[in-house]
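Participant: Structure incoming, see below.
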Amino acid sequence: KNDFLSQFATLHTSWEELVPGRAAVLRLRGPQGSLDLFALYFATGVAQLLPSSSDSPPTASDSEDPAVRRQRQHMRMRIATSCRPAQDVLSVMTGDFNWVTDAADRVSKGSATLSPVRDQAEQAHWREVVQHPHHLCEVYQPAATHDSAQARSRLDRVYWNQHTSEQLD
C-alpha cells in the first residue's frame, strides 16, 4: 500500500537482484526503521525426476541433476552474504524453497504416507549459512503449498529475523 511505502525514504529504497530470476531483495529505509524483503525461488529438480514405481513420491534429491543442487547452494550463499545484521534491519524472506524440512512436509497421494526425508543436506546448509548466522525464525504454517500428481508438499516458507521475545505477541 502507498501509505506503508510512504514511511520509507525513496532515495534510500533499492531493489537488488541477487540471483537473476530467482532471488531479490527490496531494501526499505526510513525514520521508522529498516526493512529488507527477500523474494526467493530456489531451483527445482522436478523436471529431472525419473518415474517412480513406489508409493513414496520421488524427491528432488532422488534423481536431480547435481547442477540443480549446486545452484541452490550458490543461491543460499548469495543470500547469506546479502543479509544485513538483525540489529540493523528487519529481514523477511519468503518464497519457494523446493526442498522439504520434515517428513510431514510431503505426503504421497497414492498411499497417504509421509515421504522419507531426503533433503536433510539442503536444510542443514540453509541453517548453517543463512538461518542461524542471521537469527532467522520460520513463520511456520503447516499447510501444503505444492500439489502435484504424486504428492502434496510444503515447499513455500517464510523466515524473519524478529527477536524471539517480540514474537510472543
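Starting from 1 in every chain, residues are counted up; chains themselves are A, B, ... following the order of the C-alpha cells, and ligands are numbered from 1 as listed.
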Name all residues at most 7 Å from range 119-131 of chain A (count only C-alpha atoms; drop same-chain ones fewer than 2 positions away) and give them as an MDAnalysis selection string.

Facilitator: chainID A and resid 61 76:77 80 99:101 117 133:136

Participant: Counting only C-alpha atoms, which of A:Tyr140, A:Asp96, A:Ala86, A:Ala43 gets nearest to Arg72 in chain A?

Facilitator: A:Ala43

Participant: Report, in Å with one decimal, the straight-line distance from CA of Val68 in chain A to CA of Phe42 in chain A.

Facilitator: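 It comes out at 9.1 Å.
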
Participant: Residues within 6 Å of Asp36 in chain A, please, as a ChimeraX atom specification. Count only C-alpha atoms; anything in the same chain fewer than 4 positions from it doesn't count.

Facilitator: /A:26-27,91

Participant: Any chance you can output those residues with N, CA and C atoms as a PDB file, in the first residue's frame?

Facilitator:
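What follows is the written file part06.pdb:
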ATOM      1  N   LEU A  26      14.206  -6.250  -1.689  1.00  0.00           N
ATOM      2  CA  LEU A  26      13.761  -4.860  -1.688  1.00  0.00           C
ATOM      3  C   LEU A  26      14.190  -4.281  -0.349  1.00  0.00           C
ATOM      4  N   ARG A  27      15.065  -3.283  -0.395  1.00  0.00           N
ATOM      5  CA  ARG A  27      15.595  -2.670   0.827  1.00  0.00           C
ATOM      6  C   ARG A  27      14.889  -1.330   1.038  1.00  0.00           C
ATOM      7  N   SER A  91      14.466  -8.355   8.537  1.00  0.00           N
ATOM      8  CA  SER A  91      14.501  -9.063   7.255  1.00  0.00           C
ATOM      9  C   SER A  91      13.392 -10.093   7.214  1.00  0.00           C
TER      10      SER A  91
END

Participant: List every residue of range 1-134 of chain A that DSSP, applied to the backbone, labels as alpha helix (DSSP H), and write the result as JSON, numbers by chain.

Facilitator: {"A": [2, 3, 4, 5, 60, 61, 62, 63, 66, 67, 68, 69, 70, 71, 72, 73, 74, 75, 76, 77, 78, 79, 80, 81, 82, 120, 121, 122, 123, 124, 125, 126]}

Participant: Quick one: distance from CA of Leu155 in chain A to CA of Asn98 in chain A in Å, one decimal?

Facilitator: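 Answer for the CA of Leu155 in chain A to CA of Asn98 in chain A separation: 5.2 Å.
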
Participant: Quick one: of A:Pro116, A:Cys83, A:Arg29, A:Pro20, who's nearest to Tyr41 in chain A, counting only C-alpha atoms?

Facilitator: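 Closest to Tyr41 in chain A of all the choices is A:Pro20.
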
Participant: Could you jot down the CA of Asn161 in chain A to CA of Pro31 in chain A separation for me, Å, one decimal place?

Facilitator: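 Atom-to-atom, CA of Asn161 in chain A and CA of Pro31 in chain A are spaced 19.6 Å apart.
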
Participant: Taking 6 positions as the minimum chain separation for residues in the same chain, which residues sit within 10 Å of Gly30 in chain A when counting only C-alpha atoms? Answer as a VMD selection string.

Facilitator: chain A and resid 5 to 13

Participant: Go through A:Val158, A:Ala39, A:Ala143, A:Val19 and flag the residue nearest Val107 in chain A, using only C-alpha atoms for the distances.

Facilitator: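 Nearest candidate to Val107 in chain A out of A:Val158, A:Ala39, A:Ala143, A:Val19: A:Ala143.
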
Participant: Smallest atom-to-atom distance to Pro85 in chain A: which of A:Ser111, A:Thr44, A:Gln162, A:Gln150, using only C-alpha atoms?

Facilitator: A:Gln162

Participant: Set the distance at 9 Å and use only C-alpha atoms: which residues neighbour Ala24 in chain A once local chain neighbours fewer than 4 positions away are removed? I'd like the list as a ChimeraX atom specification.

Facilitator: /A:15-20,37-40,79
